[in-house]
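Asks: I'd like to ask you about the structure that follows.
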Amino acid sequence: MRKSTAGPKTLMKQLRELMAQDLAPQVRLNRIVQKIARNMVAEVCSLYILRSDGMLELFATHGLNPAAVHRARLRLGQGLVGTIAATARPLNLIDAQNHPAFAYLPETREEMYSSFLGLPVLRSGRTLGVVVLQNRNQRTYSDDDIEIMETVSMVLAETIAAGDMPQAISAKPDSDGRRPFSLQGTALNGGVGLGHVVLHKPHIVVTRLVAENSADELQKLNAALEKLRQSIDAMLERSDVALDGEHREVLEAYRMFAHDRGWVRRLEEAVKNGLTAEAAVEKVQSDTRTRMLQITDPYLRERLSDLDDLANRLLAGLMGRQREAVTTDLPENTILVADAMGAAELLDYPRQKIRGLVLEDGATTSHVTIVARALGIPVIGQAKGVTSLSVNGDAIVIDGDEGRVHLRPLASVEHAYAEKARFQAQRQKAYDDLRQRPAVTRDNVPITMLINAGLLVDLPQLEKSGAEGIGLFRTELQFMIASTFPRAEKQEQLYRAVYQEIGDKTVTFRTLDIGGDKMLPYFRPKGKEENPAMGWRAIRLTLDRPALMRTQLRAMLKAAEGRTLRLMIPMVSDISEIHQTRTLIEREKAYLTRFGHALPSRIKLGAMIEVPALLFQLDELMQAVDFISVGSNDLFQFLMAVDRGNSALTNRFEQLSPTFLRALRDIARAGERHDTPVTLCGEMAGMPLCAMVLIGLGFRRISMSPAAIGPVKAMLLSLDAGKLSAFLNSALDKPCTGHSLHRQLLEFAQDNAISL
Ligand code: PEP
Ligand code: MG
């Protein structure tokens, strides 16, 4: 049995004394590793520091050969230490030498040590080094050991950052000087923004790490938590967020986290282990960030990023920093640049000064993106390196349509974008002018133009765009931004709000399309899936969970009282799934009637064609439903066996290939044969050239993102649909050669003066 450690508090106290003494940096490090080794009952404690040349150098050791200090070096990613630094994740091994990454450094004479616990030393999200414990016997380092070492590694980070370590990498982000620099991120919200960088949340540096008196620190922590809760309540009462909507859901989740017992307990434990209140927050925050790095599920990451945001607010409160004060003297044209940002943090800034947002992290469904979209702010995500490359006040141009960021742009680039912004504004004006024009082709073919939506913020776009209705309402979005299953009343409330907002226009609700890549953080999948897109998702999942399906159907039936309920089923592979859904609808109708609820005046049930198997049952399908909607995103993915999210394949296959277009034509023709209305609601409906082709193939109803309505309408007003049909049919009836008709179709458009 190994002796127990002296306890985290004793170790922290000893470290505090060492930090207070006037010692040369090397001597201080030597003593620190010695104290850690003794307290942790480890035969070895070593500290490796990441140098500015990217090498990890042994800076101090207790237990390994002292002559190896400043001589033993590893590259990032090399050996166990290099792996920890590269991944920023700890390694806990009983038999280190058998680990595939193990690299033996002869100068250290470490061959006799079997067990190994290594942790990254992190500060402000940067790896400064690695701290390692080793023992001869096969020891399993416990969760408590790891917890203590995490606390210790914070003290080490502070020592490295403060001490004057020759060659050690700087804890401060470095800038690359004043050169222009462009980088590519992901376009999350369109529009061009020109302005000056404001680095969001310059990191709050915690200087007091070790507590003098834990009871006082606990009191401070609890007072700060209480203040934090009050500030969230106040934010929820603000007039611009008080209305129901998804921003509110996001903020309600903050409120929930601020009361989360698990989070508070972890903070309190860190204080009880000897940290100050602010260091405890930083520690728990850094654990959260490490977890975020490991999680690929975007919704879970989003939740953790809410927690990160909350921790920042708490830290600001504890350090006596008023966040509002930071935001008062902003430039008039601010482009916010951040690692990640919480939705509530964006609301801290005055909207009228914000021209754009650039994030190192961030995805389409990130909460901050959802809120930014609601506020009409261009957003770029996944802009790797942007925070370390930019400095407050730098000139910056962002292109939210293309995902490009230009830092310190050349005058010519800035000028070109200023032109683009002007041009966009003019074009938008021209599209706005088309709003009232009926969507009819030159040869008098009326086209029903619809929008895709899913959140309340999308709804005002219906009126603005002049579309005739909502062709696809993705009901899963409400579920994706919530932290628990939205209750029946919440669902009904949303659907009622939709009916209210659309007036006498139409809406087609899609039943839940969750599962696959749209996993909910609070919903347990049926086990690990190798191919989630083809797995337990959409109608397959909801038919297996009838309570879930029936709750949603009931909410829709109630909300549509006296009106037409159009609902459609995603990912149908077999007609029996439509029959089963109809049976569930009938049961819900009977239930509602029994309890005296009003029913919709009409119910129309449709199916989405996304699974190619339906192409071979088109006649039966058209008879089994009231309408069809083609989900071309998924249909293309499954027909060509090409993962829609894999950027390596983006340009390999084309939706304008004769194969895919023939499949679409078959659907349109089957719809006509059976007089079953067919809509297409995938992304291609919003691209003017593709939308032109769809009309040529016989589609008369198309549903797209609201921003696409203007450009697509401009296209169809200049189109002769009959002429295009003849051209397309002759191309598709020929033996299939070449993998795309893209070029021929562009030429057709040019020759016929079609506005693309
Ligand atoms: C589609 O697959 O084309 C579609 C509209 O559904 P989603 O993009 O939501 O999967
Ligand atoms: Mg789909």
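We name chains A, B, ... following the order of the structure tokens; residues begin at 1 in each chain, and ligands are numbered from 1 as shown.
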Counting only C-alpha atoms, what is within 9 Å of range 305-310 of chain A, bar same-chain residues fewer than 6 positions away, as a JSON list (two decimals) with all heavy atoms, in the first residue's frame?

Replies:
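Saved file selection.json follows:
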```json
[["chain", "number", "residue", "atom", "x", "y", "z"],
["A", 228, "LEU", "N", -24.23, 36.78, -9.68],
["A", 228, "LEU", "CA", -24.31, 36.27, -11.06],
["A", 228, "LEU", "C", -25.75, 35.90, -11.40],
["A", 228, "LEU", "O", -26.29, 36.26, -12.45],
["A", 228, "LEU", "CB", -23.40, 35.05, -11.20],
["A", 228, "LEU", "CG", -23.48, 34.30, -12.52],
["A", 228, "LEU", "CD1", -22.74, 35.08, -13.59],
["A", 228, "LEU", "CD2", -22.85, 32.91, -12.42],
["A", 250, "VAL", "N", -32.05, 30.15, -24.76],
["A", 250, "VAL", "CA", -30.62, 30.09, -24.49],
["A", 250, "VAL", "C", -30.32, 30.70, -23.13],
["A", 250, "VAL", "O", -29.61, 30.14, -22.31],
["A", 250, "VAL", "CB", -29.86, 30.84, -25.61],
["A", 250, "VAL", "CG1", -28.41, 31.06, -25.24],
["A", 250, "VAL", "CG2", -29.96, 30.11, -26.93],
["A", 253, "ALA", "N", -31.30, 28.70, -20.19],
["A", 253, "ALA", "CA", -30.34, 27.64, -19.90],
["A", 253, "ALA", "C", -29.22, 28.19, -19.01],
["A", 253, "ALA", "O", -28.74, 27.51, -18.11],
["A", 253, "ALA", "CB", -29.76, 27.09, -21.19],
["A", 254, "TYR", "N", -28.84, 29.44, -19.22],
["A", 254, "TYR", "CA", -27.82, 30.06, -18.36],
["A", 254, "TYR", "C", -28.31, 30.08, -16.92],
["A", 254, "TYR", "O", -27.59, 29.79, -16.00],
["A", 254, "TYR", "CB", -27.58, 31.52, -18.78],
["A", 254, "TYR", "CG", -26.61, 31.69, -19.89],
["A", 254, "TYR", "CD1", -26.89, 31.17, -21.14],
["A", 254, "TYR", "CD2", -25.42, 32.36, -19.70],
["A", 254, "TYR", "CE1", -26.01, 31.34, -22.18],
["A", 254, "TYR", "CE2", -24.53, 32.53, -20.73],
["A", 254, "TYR", "CZ", -24.83, 32.02, -21.97],
["A", 254, "TYR", "OH", -23.96, 32.19, -22.98],
["A", 257, "PHE", "N", -27.95, 26.78, -15.43],
["A", 257, "PHE", "CA", -26.57, 26.44, -15.08],
["A", 257, "PHE", "C", -26.11, 27.19, -13.83],
["A", 257, "PHE", "O", -25.38, 26.67, -13.01],
["A", 257, "PHE", "CB", -25.62, 26.77, -16.22],
["A", 257, "PHE", "CG", -25.63, 25.73, -17.31],
["A", 257, "PHE", "CD1", -25.81, 26.08, -18.63],
["A", 257, "PHE", "CD2", -25.44, 24.39, -16.99],
["A", 257, "PHE", "CE1", -25.82, 25.12, -19.63],
["A", 257, "PHE", "CE2", -25.44, 23.42, -17.99],
["A", 257, "PHE", "CZ", -25.63, 23.79, -19.31],
["A", 258, "ALA", "N", -26.55, 28.44, -13.71],
["A", 258, "ALA", "CA", -26.10, 29.24, -12.57],
["A", 258, "ALA", "C", -26.60, 28.64, -11.26],
["A", 258, "ALA", "O", -26.07, 28.92, -10.19],
["A", 258, "ALA", "CB", -26.58, 30.68, -12.72],
["A", 263, "TRP", "N", -22.12, 22.00, -10.73],
["A", 263, "TRP", "CA", -21.14, 23.04, -11.06],
["A", 263, "TRP", "C", -20.69, 23.76, -9.79],
["A", 263, "TRP", "O", -19.50, 23.94, -9.53],
["A", 263, "TRP", "CB", -21.78, 24.02, -12.05],
["A", 263, "TRP", "CG", -20.86, 25.05, -12.62],
["A", 263, "TRP", "CD1", -19.72, 24.81, -13.32],
["A", 263, "TRP", "CD2", -21.01, 26.47, -12.56],
["A", 263, "TRP", "NE1", -19.15, 26.00, -13.71],
["A", 263, "TRP", "CE2", -19.93, 27.04, -13.26],
["A", 263, "TRP", "CE3", -21.96, 27.32, -12.00],
["A", 263, "TRP", "CZ2", -19.77, 28.41, -13.41],
["A", 263, "TRP", "CZ3", -21.80, 28.70, -12.16],
["A", 263, "TRP", "CH2", -20.71, 29.23, -12.85],
["A", 285, "GLN", "N", -13.30, 26.08, -14.91],
["A", 285, "GLN", "CA", -13.47, 26.52, -16.29],
["A", 285, "GLN", "C", -12.50, 25.78, -17.21],
["A", 285, "GLN", "O", -12.85, 25.36, -18.31],
["A", 285, "GLN", "CB", -13.20, 28.03, -16.36],
["A", 285, "GLN", "CG", -13.47, 28.61, -17.72],
["A", 285, "GLN", "CD", -13.20, 30.11, -17.74],
["A", 285, "GLN", "OE1", -12.31, 30.59, -17.03],
["A", 285, "GLN", "NE2", -13.94, 30.84, -18.52],
["A", 286, "SER", "N", -11.28, 25.59, -16.72],
["A", 286, "SER", "CA", -10.31, 24.91, -17.57],
["A", 286, "SER", "C", -10.68, 23.43, -17.74],
["A", 286, "SER", "O", -10.51, 22.85, -18.82],
["A", 286, "SER", "CB", -8.92, 25.15, -17.00],
["A", 286, "SER", "OG", -8.16, 24.02, -16.97],
["A", 288, "THR", "N", -13.76, 22.42, -17.87],
["A", 288, "THR", "CA", -14.84, 22.47, -18.86],
["A", 288, "THR", "C", -14.27, 22.58, -20.26],
["A", 288, "THR", "O", -14.71, 21.92, -21.19],
["A", 288, "THR", "CB", -15.74, 23.71, -18.61],
["A", 288, "THR", "OG1", -16.05, 23.75, -17.24],
["A", 288, "THR", "CG2", -17.00, 23.67, -19.42],
["A", 289, "ARG", "N", -13.22, 23.42, -20.40],
["A", 289, "ARG", "CA", -12.64, 23.60, -21.73],
["A", 289, "ARG", "C", -12.00, 22.31, -22.23],
["A", 289, "ARG", "O", -12.11, 21.98, -23.40],
["A", 289, "ARG", "CB", -11.60, 24.71, -21.70],
["A", 289, "ARG", "CG", -12.27, 26.04, -21.59],
["A", 289, "ARG", "CD", -11.29, 27.17, -21.72],
["A", 289, "ARG", "NE", -12.02, 28.42, -21.62],
["A", 289, "ARG", "CZ", -11.48, 29.56, -21.27],
["A", 289, "ARG", "NH1", -10.20, 29.62, -20.96],
["A", 289, "ARG", "NH2", -12.21, 30.65, -21.22],
["A", 292, "MET", "N", -14.62, 20.24, -23.44],
["A", 292, "MET", "CA", -15.12, 20.73, -24.73],
["A", 292, "MET", "C", -14.26, 20.23, -25.88],
["A", 292, "MET", "O", -14.76, 19.90, -26.95],
["A", 292, "MET", "CB", -15.11, 22.26, -24.74],
["A", 292, "MET", "CG", -16.39, 22.86, -24.28],
["A", 292, "MET", "SD", -16.19, 24.60, -23.92],
["A", 292, "MET", "CE", -16.30, 25.29, -25.54],
["A", 340, "ALA", "N", -14.28, 31.87, -28.50],
["A", 340, "ALA", "CA", -15.68, 31.42, -28.51],
["A", 340, "ALA", "C", -16.43, 32.50, -27.78],
["A", 340, "ALA", "O", -15.82, 33.31, -27.09],
["A", 340, "ALA", "CB", -15.80, 30.10, -27.76],
["A", 341, "MET", "N", -17.71, 32.55, -27.95],
["A", 341, "MET", "CA", -18.46, 33.57, -27.25],
["A", 341, "MET", "C", -19.81, 33.00, -26.85],
["A", 341, "MET", "O", -20.41, 32.24, -27.62],
["A", 341, "MET", "CB", -18.65, 34.78, -28.15],
["A", 341, "MET", "CG", -19.23, 35.97, -27.42],
["A", 341, "MET", "SD", -19.68, 37.31, -28.53],
["A", 341, "MET", "CE", -18.13, 38.10, -28.70],
["A", 342, "GLY", "N", -20.26, 33.38, -25.69],
["A", 342, "GLY", "CA", -21.58, 32.94, -25.28],
["A", 342, "GLY", "C", -22.62, 33.88, -25.85],
["A", 342, "GLY", "O", -22.32, 35.04, -26.15],
["A", 343, "ALA", "N", -23.82, 33.37, -26.01],
["A", 343, "ALA", "CA", -24.89, 34.19, -26.58],
["A", 343, "ALA", "C", -25.14, 35.42, -25.71],
["A", 343, "ALA", "O", -25.35, 36.52, -26.21],
["A", 343, "ALA", "CB", -26.15, 33.35, -26.69],
["A", 344, "ALA", "N", -25.08, 35.22, -24.39],
["A", 344, "ALA", "CA", -25.37, 36.35, -23.50],
["A", 344, "ALA", "C", -24.28, 37.40, -23.61],
["A", 344, "ALA", "O", -24.54, 38.60, -23.48],
["A", 344, "ALA", "CB", -25.46, 35.85, -22.07],
["A", 345, "GLU", "N", -23.06, 36.97, -23.87],
["A", 345, "GLU", "CA", -21.96, 37.93, -23.99],
["A", 345, "GLU", "C", -22.15, 38.85, -25.18],
["A", 345, "GLU", "O", -21.81, 40.02, -25.13],
["A", 345, "GLU", "CB", -20.64, 37.19, -24.12],
["A", 345, "GLU", "CG", -20.19, 36.57, -22.83],
["A", 345, "GLU", "CD", -18.89, 35.83, -23.01],
["A", 345, "GLU", "OE1", -18.86, 34.88, -23.80],
["A", 345, "GLU", "OE2", -17.91, 36.19, -22.36],
["A", 367, "HIS", "N", -25.14, 28.84, -30.19],
["A", 367, "HIS", "CA", -26.13, 29.78, -29.67],
["A", 367, "HIS", "C", -25.80, 31.21, -30.05],
["A", 367, "HIS", "O", -26.68, 32.00, -30.37],
["A", 367, "HIS", "CB", -26.21, 29.64, -28.15],
["A", 367, "HIS", "CG", -26.80, 28.32, -27.76],
["A", 367, "HIS", "ND1", -26.68, 27.78, -26.52],
["A", 367, "HIS", "CD2", -27.50, 27.43, -28.50],
["A", 367, "HIS", "CE1", -27.30, 26.62, -26.50],
["A", 367, "HIS", "NE2", -27.79, 26.38, -27.69]]
```

Asks: List as a ChimeraX atom specification the protein and nucleic acid residues lying within 7 Å of ligand 2, with only C-alpha atoms and all ligand atoms counted.

Replies: /A:570-571,610,631,633-634

Asks: Grab the residues selected above and save them as a CSV table (one decimal), in the first residue's frame with N, CA, C and O atoms.

Replies:
```
chain,number,residue,atom,x,y,z
A,570,PRO,N,-40.0,13.0,-42.3
A,570,PRO,CA,-38.6,12.9,-42.8
A,570,PRO,C,-38.1,11.5,-42.9
A,570,PRO,O,-38.5,10.6,-42.1
A,571,MET,N,-37.2,11.2,-43.9
A,571,MET,CA,-36.5,10.0,-44.0
A,571,MET,C,-37.3,8.7,-44.2
A,571,MET,O,-37.1,7.7,-43.6
A,610,GLU,N,-36.2,11.3,-49.4
A,610,GLU,CA,-34.8,11.5,-49.1
A,610,GLU,C,-34.0,10.2,-49.3
A,610,GLU,O,-32.8,10.2,-49.4
A,631,GLY,N,-36.3,16.1,-50.2
A,631,GLY,CA,-35.2,16.6,-49.4
A,631,GLY,C,-33.9,16.3,-50.2
A,631,GLY,O,-33.3,15.3,-50.1
A,633,ASN,N,-31.0,17.4,-50.2
A,633,ASN,CA,-29.7,17.3,-49.5
A,633,ASN,C,-29.4,15.8,-49.2
A,633,ASN,O,-28.4,15.3,-49.5
A,634,ASP,N,-30.4,15.2,-48.6
A,634,ASP,CA,-30.3,13.8,-48.2
A,634,ASP,C,-30.4,12.9,-49.4
A,634,ASP,O,-29.7,11.9,-49.5
```

Asks: Counting only C-alpha atoms and all ligand atoms, what are the residues of chain A within 9 Å of ligand 1, and for each of them which pair of atoms is the nearest and at what distance in Å, to one decimal? Sort the table by chain and rising number, as a Markdown table.

Replies:
```
| residue | atom | partner | partner_atom_place_in_ligand_line | distance |
| --- | --- | --- | --- | --- |
| A:Asn452 | CA | ligand 1 | 5 (C) | 8.3 |
| A:Leu472 | CA | ligand 1 | 5 (C) | 7.3 |
| A:Arg474 | CA | ligand 1 | 9 (O) | 6.6 |
| A:Glu476 | CA | ligand 1 | 9 (O) | 8.9 |
| A:Asp513 | CA | ligand 1 | 9 (O) | 7.1 |
| A:Pro570 | CA | ligand 1 | 6 (O) | 7.5 |
| A:Met571 | CA | ligand 1 | 2 (O) | 8.2 |
| A:Met608 | CA | ligand 1 | 4 (C) | 8.3 |
| A:Ile609 | CA | ligand 1 | 2 (O) | 8.5 |
| A:Glu610 | CA | ligand 1 | 2 (O) | 6.1 |
| A:Ser629 | CA | ligand 1 | 5 (C) | 8.4 |
| A:Val630 | CA | ligand 1 | 3 (O) | 6.7 |
| A:Gly631 | CA | ligand 1 | 3 (O) | 3.1 |
| A:Ser632 | CA | ligand 1 | 3 (O) | 4.0 |
| A:Asn633 | CA | ligand 1 | 3 (O) | 3.5 |
| A:Asp634 | CA | ligand 1 | 2 (O) | 3.8 |
| A:Leu635 | CA | ligand 1 | 2 (O) | 6.4 |
| A:Phe636 | CA | ligand 1 | 3 (O) | 8.2 |
| A:Gln637 | CA | ligand 1 | 2 (O) | 8.5 |
| A:Leu680 | CA | ligand 1 | 3 (O) | 7.9 |
| A:Cys681 | CA | ligand 1 | 5 (C) | 5.0 |
| A:Gly682 | CA | ligand 1 | 3 (O) | 3.5 |
| A:Glu683 | CA | ligand 1 | 3 (O) | 6.5 |
| A:Met684 | CA | ligand 1 | 3 (O) | 8.4 |
| A:Ser703 | CA | ligand 1 | 5 (C) | 8.9 |
| A:Met704 | CA | ligand 1 | 5 (C) | 8.9 |
```

Asks: Name the closest residue to Ser601 in chain A among the candidates A:Leu565, A:Ala538, A:Val131, A:Leu618; distances are taken between atoms, counting only C-alpha atoms.

Replies: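 Ranking A:Leu565, A:Ala538, A:Val131, A:Leu618 by distance to Ser601 in chain A, first place goes to A:Leu565.
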
Asks: Residues of range 67-280 of chain A in strand (DSSP E or B) according to DSSP, as a VMD selection string?

Replies: chain A and resid 73 to 75 91 to 93 115 to 123 126 to 135 168 181 to 184 186 to 189 192 to 199 210 275

Asks: In Å, with one decimal, what is the gap from CA of Leu639 in chain A to CA of Ala670 in chain A?

Replies: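 Pair CA of Leu639 in chain A / CA of Ala670 in chain A returns 18.3 Å.
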
Asks: May I ask which of the residues A:Pro525, A:Phe616, A:Gly698, A:Ile470 is the closest one to Glu501 in chain A, counting only C-alpha atoms?

Replies: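 Under the stated criterion, the closest residue is A:Ile470.
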
Asks: Using Å and a single decimal, report how far CA of Arg51 in chain A sits from CA of Thr207 in chain A.

Replies: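 It comes out at 22.8 Å.
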
Asks: Find the residues near Val678 in chain A: any atom within 7 Å, counting only C-alpha atoms, skip ones fewer than 3 places away on the same chain, and give them as a list in words.

Replies: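 Counting only C-alpha atoms, the residues come to Phe627, Ile628, Ser629, Ala668, Gly671, Phe699 and Arg701 of chain A.
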
Asks: Give me, as a list of chain:residue names, all polymer residues having an atom no more than 7 Å from range 539-553 of chain A, counting only C-alpha atoms and skipping those fewer than 5 positions away in the same chain.

Replies: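 Selected residues are A:Ala488, A:Ile569, A:Pro570, A:Met571, A:Val572, A:Leu584, A:Ile585, A:Glu588.
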
Asks: Using only C-alpha atoms, which of the listed residues (A:Arg355, A:Arg229, A:His579, A:Lys558) sits closest to Tyr591 in chain A?

Replies: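 Of A:Arg355, A:Arg229, A:His579, A:Lys558, the one nearest Tyr591 in chain A is A:Lys558, counting only C-alpha atoms.
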
Asks: May I have all residues of range 576-712 of chain A that DSSP, computed from the backbone, assigns to helix (DSSP H, G or I), given as number ranges by chain?

Replies: A: 576-594, 612-624, 632-640, 647-649, 658-674, 683-686, 688-697, 706-712

Asks: Excluding same-chain residues fewer than 5 positions from range 212-218 of chain A, what lies within 9 Å of it counting only C-alpha atoms, as a VMD selection string?

Replies: chain A and resid 13 223 268 271 to 278

Asks: List the spatial neighbours of range 403-410 of chain A as a PyMOL selection string - criterion: any atom at most 8 Å away, only C-alpha atoms, same-chain residues fewer than 2 positions off excluded.

Replies: chain A and resi 178-188+380-381+383+390+394-401+412-414

Asks: Which residue out of A:Leu459, A:Met519, A:Ala162, A:Ala559 has the minimum interatomic distance to Val206 in chain A when only C-alpha atoms are used?

Replies: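 Selected residue with least distance to Val206 in chain A: A:Ala162.
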
Asks: Name all residues at most 6 Å from Leu656 in chain A (count only C-alpha atoms; drop same-chain ones fewer than 3 positions away) and give them as JSON, numbers by chain.

Replies: {"A": [740, 741, 742]}

Asks: Keeping only N, CA, C and O atoms, write the selected residues as a PDB file, in the first residue's frame.

Replies:
```
ATOM      1  N   SER A 740     -21.614  16.212 -65.388  1.00  0.00           N
ATOM      2  CA  SER A 740     -22.412  17.364 -64.995  1.00  0.00           C
ATOM      3  C   SER A 740     -22.904  18.133 -66.212  1.00  0.00           C
ATOM      4  O   SER A 740     -22.227  18.209 -67.235  1.00  0.00           O
ATOM      5  N   LEU A 741     -24.087  18.712 -66.067  1.00  0.00           N
ATOM      6  CA  LEU A 741     -24.623  19.565 -67.141  1.00  0.00           C
ATOM      7  C   LEU A 741     -24.390  21.032 -66.800  1.00  0.00           C
ATOM      8  O   LEU A 741     -24.952  21.916 -67.435  1.00  0.00           O
ATOM      9  N   HIS A 742     -23.593  21.266 -65.793  1.00  0.00           N
ATOM     10  CA  HIS A 742     -23.402  22.613 -65.266  1.00  0.00           C
ATOM     11  C   HIS A 742     -23.056  23.613 -66.378  1.00  0.00           C
ATOM     12  O   HIS A 742     -23.697  24.658 -66.528  1.00  0.00           O
TER      13      HIS A 742
END
```
